[in-house]
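Q: This one is my_file_2.pdb, PDB, C-alpha atoms and all ligand atoms.
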```
ATOM      1  CA  MET L  13     255.107 129.381 303.481
ATOM      2  CA  THR L  14     253.647 128.502 306.865
ATOM      3  CA  LEU L  15     252.318 125.047 307.726
ATOM      4  CA  SER L  16     248.886 126.456 308.468
ATOM      5  CA  HIS L  17     248.790 128.063 305.006
ATOM      6  CA  LEU L  18     249.679 124.730 303.411
ATOM      7  CA  SER L  19     246.986 122.931 305.425
ATOM      8  CA  LYS L  20     244.469 125.592 304.386
ATOM      9  CA  GLN L  21     245.310 125.023 300.708
ATOM     10  CA  ILE L  22     244.745 121.295 301.198
ATOM     11  CA  GLU L  23     241.396 121.941 302.841
ATOM     12  CA  ASN L  24     240.271 124.427 300.171
ATOM     13  CA  LYS L  25     241.321 122.334 297.194
ATOM     14  CA  LYS L  26     240.440 118.953 298.703
ATOM     15  CA  SER L  27     243.797 117.876 297.396
ATOM     16  CA  PHE L  28     247.150 116.946 298.846
ATOM     17  CA  LEU L  29     248.634 116.276 295.443
ATOM     18  CA  CYS L  30     252.200 117.224 294.648
ATOM     19  CA  VAL L  31     253.064 117.165 290.955
ATOM     20  CA  GLY L  32     256.615 116.011 290.371
ATOM     21  CA  LEU L  33     258.547 117.804 287.636
ATOM     22  CA  ASP L  34     261.012 115.103 286.545
ATOM     23  CA  ILE L  35     261.551 116.485 283.081
ATOM     24  CA  ASP L  36     263.362 114.251 280.624
ATOM     25  CA  LEU L  37     263.962 115.646 277.123
ATOM     26  CA  GLU L  38     263.743 112.111 275.765
ATOM     27  CA  LYS L  39     260.196 111.764 277.065
ATOM     28  CA  ILE L  40     258.585 115.127 276.373
ATOM     29  CA  PRO L  41     256.582 115.655 273.157
ATOM     30  CA  THR L  42     258.949 116.179 270.235
ATOM     31  CA  HIS L  43     257.219 119.366 269.032
ATOM     32  CA  LEU L  44     258.460 121.106 272.216
ATOM     33  CA  LEU L  45     262.079 120.468 271.286
ATOM     34  CA  GLN L  46     261.819 123.363 268.817
ATOM     35  CA  GLU L  47     261.155 125.800 271.681
ATOM     36  CA  GLU L  48     264.011 127.999 272.864
ATOM     37  CA  ASP L  49     263.878 126.353 276.305
ATOM     38  CA  PRO L  50     262.042 123.014 275.944
ATOM     39  CA  ILE L  51     262.413 122.078 279.636
ATOM     40  CA  PHE L  52     260.803 125.285 280.845
ATOM     41  CA  ALA L  53     258.166 125.197 278.083
ATOM     42  CA  PHE L  54     257.167 121.726 279.260
ATOM     43  CA  SER L  55     257.166 122.557 282.980
ATOM     44  CA  LYS L  56     255.148 125.744 282.357
ATOM     45  CA  ALA L  57     252.547 123.817 280.340
ATOM     46  CA  ILE L  58     252.263 121.159 283.072
ATOM     47  CA  ILE L  59     251.876 123.846 285.761
ATOM     48  CA  GLU L  60     249.185 125.642 283.746
ATOM     49  CA  ALA L  61     247.298 122.382 283.251
ATOM     50  CA  THR L  62     247.398 121.194 286.877
ATOM     51  CA  HIS L  63     247.719 124.122 289.311
ATOM     52  CA  ASP L  64     244.097 124.122 290.487
ATOM     53  CA  LEU L  65     244.268 120.394 291.272
ATOM     54  CA  CYS L  66     247.438 120.272 293.350
ATOM     55  CA  VAL L  67     248.955 122.074 296.325
ATOM     56  CA  ALA L  68     252.634 121.484 295.635
ATOM     57  CA  TYR L  69     255.222 121.108 292.883
ATOM     58  CA  LYS L  70     258.416 119.133 293.239
ATOM     59  CA  PRO L  71     261.034 119.753 290.573
ATOM     60  CA  ASN L  72     263.629 117.003 290.940
ATOM     61  CA  THR L  73     266.878 118.907 290.431
ATOM     62  CA  ALA L  74     268.661 115.899 288.865
ATOM     63  CA  PHE L  75     266.501 116.236 285.773
ATOM     64  CA  PHE L  76     267.535 119.885 285.425
ATOM     65  CA  GLU L  77     271.187 119.479 286.465
ATOM     66  CA  ALA L  78     271.555 116.772 283.807
ATOM     67  CA  TYR L  79     271.423 119.530 281.177
ATOM     68  CA  GLY L  80     274.111 121.696 282.804
ATOM     69  CA  VAL L  81     273.787 125.479 282.843
ATOM     70  CA  LYS L  82     270.722 125.388 280.579
ATOM     71  CA  GLY L  83     269.031 122.938 282.938
ATOM     72  CA  TRP L  84     269.789 125.062 286.008
ATOM     73  CA  MET L  85     268.421 128.123 284.224
ATOM     74  CA  ALA L  86     265.240 126.174 283.424
ATOM     75  CA  LEU L  87     264.968 125.277 287.130
ATOM     76  CA  GLU L  88     265.334 128.945 288.054
ATOM     77  CA  LYS L  89     262.684 129.944 285.499
ATOM     78  CA  THR L  90     260.351 127.244 286.832
ATOM     79  CA  ILE L  91     260.596 128.329 290.473
ATOM     80  CA  ASN L  92     260.335 132.010 289.524
ATOM     81  CA  TYR L  93     257.257 131.241 287.438
ATOM     82  CA  LEU L  94     255.662 129.387 290.364
ATOM     83  CA  ASN L  95     256.520 132.063 292.919
ATOM     84  CA  LYS L  96     255.199 134.834 290.679
ATOM     85  CA  ASN L  97     252.017 133.190 289.415
ATOM     86  CA  TYR L  98     251.135 130.583 292.041
ATOM     87  CA  PRO L  99     252.587 131.739 295.367
ATOM     88  CA  ASP L 100     250.089 129.594 297.308
ATOM     89  CA  HIS L 101     251.707 126.415 296.031
ATOM     90  CA  PHE L 102     254.275 124.743 298.248
ATOM     91  CA  THR L 103     257.521 124.243 296.341
ATOM     92  CA  ILE L 104     259.973 121.423 296.936
ATOM     93  CA  ALA L 105     263.492 121.323 295.517
ATOM     94  CA  ASP L 106     264.070 117.596 295.391
ATOM     95  CA  ALA L 107     267.849 117.708 295.629
ATOM     96  CA  LYS L 108     268.567 115.227 298.454
ATOM     97  CA  ARG L 109     271.401 117.303 299.905
ATOM     98  CA  GLY L 110     273.226 117.193 303.268
ATOM     99  CA  ASP L 111     276.911 117.646 304.142
ATOM    100  CA  ILE L 112     279.135 119.014 306.915
ATOM    101  CA  GLY L 113     277.635 122.099 308.537
ATOM    102  CA  ASN L 114     279.233 124.921 306.559
ATOM    103  CA  THR L 115     278.494 123.120 303.281
ATOM    104  CA  SER L 116     274.879 122.452 304.246
ATOM    105  CA  THR L 117     274.529 126.153 304.964
ATOM    106  CA  ARG L 118     275.566 126.906 301.373
ATOM    107  CA  TYR L 119     273.090 124.351 300.020
ATOM    108  CA  ALA L 120     270.371 125.904 302.168
ATOM    109  CA  LYS L 121     271.208 129.374 300.870
ATOM    110  CA  ALA L 122     271.150 128.098 297.277
ATOM    111  CA  PHE L 123     267.644 126.672 297.559
ATOM    112  CA  PHE L 124     266.015 128.987 300.112
ATOM    113  CA  GLU L 125     267.624 132.365 299.355
ATOM    114  CA  ASP L 126     268.819 132.299 295.756
ATOM    115  CA  LEU L 127     266.052 130.136 294.274
ATOM    116  CA  ASN L 128     263.447 130.846 296.983
ATOM    117  CA  PHE L 129     262.007 127.326 297.269
ATOM    118  CA  ASP L 130     259.826 126.583 300.309
ATOM    119  CA  SER L 131     261.626 123.319 301.024
ATOM    120  CA  VAL L 132     264.416 120.981 300.030
ATOM    121  CA  THR L 133     264.809 117.222 300.429
ATOM    122  CA  ILE L 134     267.823 116.108 302.444
ATOM    123  CA  ALA L 135     269.514 112.850 303.410
ATOM    124  CA  PRO L 136     269.947 112.194 307.157
ATOM    125  CA  TYR L 137     273.077 110.044 306.951
ATOM    126  CA  MET L 138     275.535 112.727 308.127
ATOM    127  CA  GLY L 139     273.413 113.598 311.158
ATOM    128  CA  LYS L 140     272.524 116.619 313.234
ATOM    129  CA  ASP L 141     275.124 119.167 312.086
ATOM    130  CA  SER L 142     274.332 118.371 308.444
ATOM    131  CA  VAL L 143     270.577 118.860 308.927
ATOM    132  CA  GLU L 144     270.281 121.793 311.358
ATOM    133  CA  PRO L 145     271.671 124.436 308.947
ATOM    134  CA  PHE L 146     268.591 123.830 306.773
ATOM    135  CA  LEU L 147     266.324 124.524 309.774
ATOM    136  CA  GLU L 148     267.548 128.048 310.405
ATOM    137  CA  PHE L 149     265.326 129.672 307.779
ATOM    138  CA  GLU L 150     261.934 130.975 308.831
ATOM    139  CA  ASP L 151     258.968 129.463 306.971
ATOM    140  CA  LYS L 152     261.295 127.117 305.060
ATOM    141  CA  PHE L 153     261.352 123.362 305.493
ATOM    142  CA  ALA L 154     263.782 120.485 305.209
ATOM    143  CA  ILE L 155     262.257 117.193 304.120
ATOM    144  CA  LEU L 156     264.315 114.363 305.565
ATOM    145  CA  LEU L 157     264.459 110.937 303.924
ATOM    146  CA  ALA L 158     263.070 108.474 306.479
ATOM    147  CA  LEU L 159     261.828 105.369 304.669
ATOM    148  CA  THR L 160     262.248 105.649 300.919
ATOM    149  CA  SER L 161     260.144 104.058 298.193
ATOM    150  CA  ASN L 162     262.902 102.094 296.482
ATOM    151  CA  GLN L 163     264.088  98.512 297.015
ATOM    152  CA  GLY L 164     267.428  99.751 298.369
ATOM    153  CA  ALA L 165     265.562 101.136 301.407
ATOM    154  CA  PHE L 166     265.920  97.631 302.867
ATOM    155  CA  ASP L 167     269.744  97.788 302.686
ATOM    156  CA  PHE L 168     270.040 100.180 305.644
ATOM    157  CA  GLN L 169     266.798 101.943 306.589
ATOM    158  CA  THR L 170     264.979  98.896 307.984
ATOM    159  CA  LYS L 171     268.075  97.364 309.657
ATOM    160  CA  THR L 172     267.917  97.176 313.447
ATOM    161  CA  VAL L 173     269.967  99.697 315.416
ATOM    162  CA  ASP L 174     269.542  99.940 319.219
ATOM    163  CA  GLU L 175     266.708  97.403 318.936
ATOM    164  CA  LYS L 176     264.696  99.423 316.458
ATOM    165  CA  PRO L 177     264.719  99.961 312.706
ATOM    166  CA  LEU L 178     267.094 102.690 311.588
ATOM    167  CA  TYR L 179     264.343 104.767 309.932
ATOM    168  CA  GLN L 180     262.586 104.960 313.335
ATOM    169  CA  GLU L 181     265.830 106.133 314.925
ATOM    170  CA  VAL L 182     266.090 108.806 312.190
ATOM    171  CA  LEU L 183     262.578 110.044 313.009
ATOM    172  CA  LYS L 184     263.100 110.015 316.788
ATOM    173  CA  THR L 185     266.521 111.657 316.722
ATOM    174  CA  ALA L 186     265.647 114.282 314.117
ATOM    175  CA  SER L 187     262.533 115.253 316.096
ATOM    176  CA  GLN L 188     264.923 116.487 318.805
ATOM    177  CA  TYR L 189     266.938 118.751 316.491
ATOM    178  CA  LYS L 190     266.803 122.518 316.959
ATOM    179  CA  ASN L 191     263.849 123.981 314.992
ATOM    180  CA  SER L 192     262.539 120.480 314.271
ATOM    181  CA  ASP L 193     259.116 122.048 313.656
ATOM    182  CA  ARG L 194     260.646 122.928 310.255
ATOM    183  CA  LEU L 195     261.177 119.257 309.425
ATOM    184  CA  MET L 196     259.025 117.064 307.223
ATOM    185  CA  TYR L 197     259.786 113.451 306.361
ATOM    186  CA  VAL L 198     259.800 111.318 303.222
ATOM    187  CA  VAL L 199     258.033 107.972 303.395
ATOM    188  CA  GLY L 200     257.541 106.005 300.182
ATOM    189  CA  ALA L 201     253.988 105.125 299.159
ATOM    190  CA  THR L 202     255.261 101.633 298.373
ATOM    191  CA  LYS L 203     255.781 101.176 302.121
ATOM    192  CA  ALA L 204     252.394 102.491 303.247
ATOM    193  CA  GLU L 205     251.944  99.788 305.899
ATOM    194  CA  TYR L 206     254.852 101.324 307.852
ATOM    195  CA  LEU L 207     252.991 104.635 308.126
ATOM    196  CA  LYS L 208     250.991 103.448 311.125
ATOM    197  CA  GLU L 209     254.051 103.153 313.352
ATOM    198  CA  ILE L 210     255.669 106.216 311.745
ATOM    199  CA  ARG L 211     252.626 108.288 312.750
ATOM    200  CA  GLN L 212     253.143 107.183 316.365
ATOM    201  CA  ILE L 213     256.623 108.746 316.292
ATOM    202  CA  VAL L 214     255.803 111.898 314.279
ATOM    203  CA  PRO L 215     252.037 112.393 314.688
ATOM    204  CA  ASN L 216     251.989 116.044 313.652
ATOM    205  CA  SER L 217     254.651 116.290 310.953
ATOM    206  CA  PHE L 218     253.959 116.615 307.263
ATOM    207  CA  LEU L 219     254.991 113.561 305.281
ATOM    208  CA  LEU L 220     256.050 113.731 301.634
ATOM    209  CA  VAL L 221     254.909 110.464 300.110
ATOM    210  CA  PRO L 222     256.256 109.695 296.619
ATOM    211  CA  GLY L 223     255.637 106.456 294.768
ATOM    212  CA  VAL L 224     251.988 106.641 293.721
ATOM    213  CA  GLY L 225     251.719 106.025 289.972
ATOM    214  CA  ALA L 226     254.758 104.598 288.183
ATOM    215  CA  GLN L 227     256.089 102.899 291.344
ATOM    216  CA  GLY L 228     252.740 101.295 292.179
ATOM    217  CA  GLY L 229     252.043 102.716 295.683
ATOM    218  CA  SER L 230     248.422 102.750 296.880
ATOM    219  CA  LEU L 231     246.884 106.164 297.594
ATOM    220  CA  GLU L 232     244.159 104.548 299.667
ATOM    221  CA  GLU L 233     246.643 102.760 301.940
ATOM    222  CA  VAL L 234     248.710 105.933 302.326
ATOM    223  CA  VAL L 235     245.648 107.813 303.559
ATOM    224  CA  THR L 236     244.443 104.963 305.787
ATOM    225  CA  TYR L 237     247.741 104.710 307.644
ATOM    226  CA  GLY L 238     249.304 108.137 307.167
ATOM    227  CA  LYS L 239     246.652 110.841 307.450
ATOM    228  CA  ASN L 240     246.484 112.962 310.608
ATOM    229  CA  ASP L 241     243.928 115.559 311.740
ATOM    230  CA  GLN L 242     245.246 118.194 309.301
ATOM    231  CA  VAL L 243     245.751 115.550 306.579
ATOM    232  CA  GLY L 244     249.515 116.042 306.997
ATOM    233  CA  LEU L 245     250.365 114.409 303.680
ATOM    234  CA  LEU L 246     251.775 115.531 300.354
ATOM    235  CA  VAL L 247     251.475 112.688 297.880
ATOM    236  CA  ASN L 248     253.761 113.068 294.881
ATOM    237  CA  SER L 249     253.345 111.574 291.467
ATOM    238  CA  SER L 250     255.669 112.497 288.628
ATOM    239  CA  ARG L 251     255.774 110.244 285.556
ATOM    240  CA  SER L 252     252.149 109.080 285.727
ATOM    241  CA  ILE L 253     251.019 112.710 285.374
ATOM    242  CA  ILE L 254     253.604 114.498 283.268
ATOM    243  CA  TYR L 255     254.051 111.699 280.731
ATOM    244  CA  ALA L 256     250.394 110.643 280.541
ATOM    245  CA  SER L 257     250.759 111.459 276.816
ATOM    246  CA  ASN L 258     253.823 112.402 274.770
ATOM    247  CA  ASP L 259     251.794 113.925 271.968
ATOM    248  CA  THR L 260     250.363 117.416 271.429
ATOM    249  CA  ASP L 261     247.599 116.596 273.967
ATOM    250  CA  PHE L 262     250.165 116.068 276.774
ATOM    251  CA  ALA L 263     248.872 118.945 278.938
ATOM    252  CA  ASP L 264     245.248 117.759 278.737
ATOM    253  CA  ALA L 265     246.345 114.206 279.510
ATOM    254  CA  ALA L 266     248.388 115.422 282.498
ATOM    255  CA  ARG L 267     245.361 117.351 283.744
ATOM    256  CA  ALA L 268     243.114 114.302 283.376
ATOM    257  CA  LYS L 269     245.541 112.177 285.405
ATOM    258  CA  ALA L 270     245.917 114.865 288.087
ATOM    259  CA  LEU L 271     242.131 115.243 288.252
ATOM    260  CA  GLU L 272     241.726 111.496 288.732
ATOM    261  CA  LEU L 273     244.116 111.615 291.709
ATOM    262  CA  GLN L 274     242.526 114.783 293.131
ATOM    263  CA  LYS L 275     239.053 113.196 292.998
ATOM    264  CA  GLN L 276     240.314 110.130 294.835
ATOM    265  CA  MET L 277     241.911 112.415 297.407
ATOM    266  CA  ALA L 278     238.702 114.400 297.901
ATOM    267  CA  GLU L 279     236.873 111.143 298.621
ATOM    268  CA  LEU L 280     239.510 109.889 301.016
ATOM    269  CA  ILE L 281     239.814 112.963 303.255
TER     270      ILE L 281
HETATM  271  O1  LIG R 301     262.470 112.399 297.813
HETATM  272  C1  LIG R 301     261.719 112.008 296.917
HETATM  273  O2  LIG R 301     260.946 112.774 296.371
HETATM  274  C2  LIG R 301     261.669 110.570 296.623
HETATM  275  C3  LIG R 301     261.901 109.718 297.699
HETATM  276  C4  LIG R 301     261.627 108.352 297.548
HETATM  277  O3  LIG R 301     261.718 107.586 298.492
HETATM  278  N1  LIG R 301     261.199 107.895 296.359
HETATM  279  C5  LIG R 301     261.029 108.709 295.272
HETATM  280  O4  LIG R 301     260.608 108.215 294.211
HETATM  281  N2  LIG R 301     261.319 110.041 295.383
HETATM  282  C6  LIG R 301     261.214 110.938 294.208
HETATM  283  O5  LIG R 301     259.831 111.044 293.833
HETATM  284  C7  LIG R 301     259.700 111.051 292.407
HETATM  285  C8  LIG R 301     258.888 109.832 292.004
HETATM  286  O6  LIG R 301     258.607 109.870 290.638
HETATM  287  P1  LIG R 301     257.534 108.891 289.947
HETATM  288  O7  LIG R 301     257.906 107.497 290.338
HETATM  289  O8  LIG R 301     257.733 109.144 288.489
HETATM  290  O9  LIG R 301     256.181 109.281 290.446
HETATM  291  C9  LIG R 301     261.124 111.091 291.860
HETATM  292  O10 LIG R 301     261.486 112.446 291.682
HETATM  293  C10 LIG R 301     261.955 110.482 292.958
HETATM  294  O11 LIG R 301     263.284 110.968 292.965
END
```
What is this file in structure tokens?
Ligand SMILES: O=C(O)c1cc(=O)[nH]c(=O)n1[C@@H]1O[C@H](COP(=O)(O)O)[C@@H](O)[C@H]1O
A:
Amino acid sequence: MTLSHLSKQIENKKSFLCVGLDIDLEKIPTHLLQEEDPIFAFSKAIIEATHDLCVAYKPNTAFFEAYGVKGWMALEKTINYLNKNYPDHFTIADAKRGDIGNTSTRYAKAFFEDLNFDSVTIAPYMGKDSVEPFLEFEDKFAILLALTSNQGAFDFQTKTVDEKPLYQEVLKTASQYKNSDRLMYVVGATKAEYLKEIRQIVPNSFLLVPGVGAQGGSLEEVVTYGKNDQVGLLVNSSRSIIYASNDTDFADAARAKALELQKQMAELI
């Protein structure tokens, strides 16, 4: 997908919502456990209930990998279902990969060629040669962790290196990588106040902002500090939407929660 297509979807839908597919068999409604593939049955129902309200889906691969081959097959079915039925939605494989160059190339092929995701999340710790292989694919994007939503972000990301916080160094350095126009960055909604200075470093990049909902981030603050002229934000919420109910009404409850967020977004942009 191109960035202009993604921005157009945001404009048309008045939504920059990304629905996170963090599917846990212990949390989904028990009646679905009788299905042949409960993970895919759940993700399909969530997609059907929310697709007109969001512009992106983010399956977190950990939740699929946890179930071994069956989980990976459910991930494949989910991305195939999205690509076939909702090709205008931006898809994110939340896999947080990154390794020496030749290994990163294999990861990139796995997510961009075999599974045909639009993007994959990656960790910046191993630097340029671990990131650039992901940037070689046309109309595909690597989403680099900059300032994450969790408490552990303060262990390294905010520590001073060369007189500035490490996450700022990540943003500045990565912006110089080859094909850096194919980079997006993760900034946690729980750290919305940092978005002001982050926007000075990467004014035009898309930011994936998780942490609204279960982690308590403020959508309003994210928009105040993080929005650019094209909106430039994808705000993810997973548990607050997909587990809004664990009964037979789970899809309606997920839709209601997604609609609530979409309405707030429409007002804020
Ligand atoms: O890369 C991510 O998506 C991510 C980065 C981050 O800093 N914080 C964060 O929560 N995430 C992911 O975003 C999702 C948040 O889920 P909820 O807290 O349930 O909305 C999970 O899949 C996390 O792995």
Q: In Å, rounded to a single decimal, give me how far CA of Asn240 (chain L) is from CA of Asn216 (chain L).
A: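 That distance, rounded to one decimal, is 7.0 Å.
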Q: Enumerate residues in contact with ligand LIG 301 (chain R): an atom-to-atom distance of at most 10 Å, counting only C-alpha atoms and all ligand atoms. Format the result as a PyMOL selection string.
A: chain L and resi 30-35+70-75+104-108+132-135+155-165+197-203+220-229+247-255
Q: With the cut-off set at 7 Å and counting only C-alpha atoms, tabulate each residue of region 161-265 of chain L with an atom at most that distance from an atom of region 141-148 of chain L, showing the nearest atom pair and its distance in Å to one decimal, ordered by chain and increasing number, as a tab-separated table.
A:
```
residue	atom	partner	partner_atom	distance
L:Tyr189	CA	L:Glu144	CA	6.8
L:Lys190	CA	L:Glu144	CA	6.6
L:Asn191	CA	L:Leu147	CA	5.8
L:Arg194	CA	L:Leu147	CA	5.9
```
Q: I need the chosen residues saved as a CSV table (one decimal), in the coordinates of the input, with C-alpha atoms.
A:
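This went into result.csv:
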```
chain,number,residue,atom,x,y,z
L,189,TYR,CA,266.9,118.8,316.5
L,190,LYS,CA,266.8,122.5,317.0
L,191,ASN,CA,263.8,124.0,315.0
L,194,ARG,CA,260.6,122.9,310.3
```
Q: Using the chain letters and numbers from this file, what does the PyMOL selection byres (((chain L and resi 15) around 12) and not hetatm) select? Give the answer as a list in words.
A: Met13, Thr14, Ser16, His17, Leu18, Ser19, Lys20, Gln21, Ile22, Asp100, His101, Phe102, Asp130, Ser131, Glu150, Asp151, Lys152, Phe153, Asp193, Arg194, Leu195, Met196, Asn216, Ser217, Phe218, Gln242, Val243, Gly244 and Leu245 of chain L
Q: Out of L:Asp264, L:Asp259, L:Glu279, L:Glu205, which residue has the shortest atom-to-atom distance to Ala57 (chain L) when counting all atoms listed in the file?
A: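 Looking only at the distances to Ala57 (chain L), the closest residue turns out to be L:Asp264.
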Q: Evaluate the PyMOL selection byres (((chain L and resi 281) around 8) and not hetatm) here and jot the selected residues down as a list in words.
A: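 Applying the expression gives Lys26, Val235, Val243, Met277, Ala278, Glu279 and Leu280 of chain L.
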Q: Suppose we keep C-alpha atoms; can you now write the selection as a compact mmCIF listing (two decimals), in the coordinates of the input?
A:
```txt
# COMPACT_ATOMS: atom_id res chain seq x y z
CA LYS L 26 240.44 118.95 298.70
CA VAL L 235 245.65 107.81 303.56
CA VAL L 243 245.75 115.55 306.58
CA MET L 277 241.91 112.42 297.41
CA ALA L 278 238.70 114.40 297.90
CA GLU L 279 236.87 111.14 298.62
CA LEU L 280 239.51 109.89 301.02
```
Q: Show me, as a ChimeraX atom specification, the residues that have an atom within 9 Å of Gln180 (chain L) when counting all atoms listed in the file, minus same-chain residues fewer than 6 positions from it.
A: /L:158-159,169-170,209-210,213
Q: For the residues selected in the previous step, produce a file with C-alpha atoms as a JSON list (two decimals), keeping the file's coordinate frame.
A:
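Result written to part22.json:
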```json
[["chain", "number", "residue", "atom", "x", "y", "z"],
["L", 158, "ALA", "CA", 263.07, 108.47, 306.48],
["L", 159, "LEU", "CA", 261.83, 105.37, 304.67],
["L", 169, "GLN", "CA", 266.80, 101.94, 306.59],
["L", 170, "THR", "CA", 264.98, 98.90, 307.98],
["L", 209, "GLU", "CA", 254.05, 103.15, 313.35],
["L", 210, "ILE", "CA", 255.67, 106.22, 311.74],
["L", 213, "ILE", "CA", 256.62, 108.75, 316.29]]
```
Q: Please measure the separation of CA of Ala78 (chain L) and CA of Glu38 (chain L), giving the value in Å to one decimal.
A: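 Value for the CA of Ala78 (chain L)-CA of Glu38 (chain L) distance: 12.1 Å.
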Q: Could you pull the residues within 9 Å of Arg211 (chain L), counting only C-alpha atoms, minus those fewer than 3 positions along the same chain, as a list in words?
A: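 Close residues of Arg211 (chain L): Tyr206, Leu207, Lys208, Val214, Pro215, Asn216, Ser217, Tyr237, Gly238, Lys239 and Asn240 of chain L.
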Q: If you measure from CA of Glu77 (chain L) to CA of Phe123 (chain L), what distance in Å do you get, rounded to one decimal?
A: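 If I compute the distance from CA of Glu77 (chain L) to CA of Phe123 (chain L), I get 13.7 Å.
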Q: Excluding same-chain residues fewer than 6 positions from Glu88 (chain L), what lies within 10 Å of it counting all atoms listed in the file, as a list in words?
A: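 Returned residues: Phe52, Phe76, Lys82, Leu94, Asp126, Leu127, Asn128 and Phe129 of chain L.
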Q: When distances are computed from all atoms listed in the file, which of L:Leu45, L:Val234, L:Ile51, L:Leu29 shows the smallest separation from Leu65 (chain L)?
A: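 Looking only at the distances to Leu65 (chain L), the closest residue turns out to be L:Leu29.
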Q: Using only C-alpha atoms, which of the listed residues (L:Val81, L:Leu246, L:Ala86, L:Met138) sits closest to Glu48 (chain L)?
A: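 Among L:Val81, L:Leu246, L:Ala86, L:Met138, it is L:Ala86 that comes nearest to Glu48 (chain L).
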Q: Adding 5 Å on each side of the box along x, y and z that holds all listed atoms of region 249-264 of chain L, could you give its centre and edge lengths in Å to one decimal, as AutoDock Vina command-line options?
A:
```
--center_x 250.5 --center_y 114.0 --center_z 281.4 --size_x 20.5 --size_y 19.9 --size_z 30.0
```
Q: Between L:Thr42, L:Thr62, L:Ser192, L:Ser27, which one has atoms that come closest to Ala263 (chain L), using only C-alpha atoms?
A: L:Thr62
Q: May I ask which of the residues L:Glu175, L:Asp36, L:Glu232, L:Glu23 is the closest one to Leu273 (chain L), counting only C-alpha atoms?
A: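 Looking only at the distances to Leu273 (chain L), the closest residue turns out to be L:Glu232.
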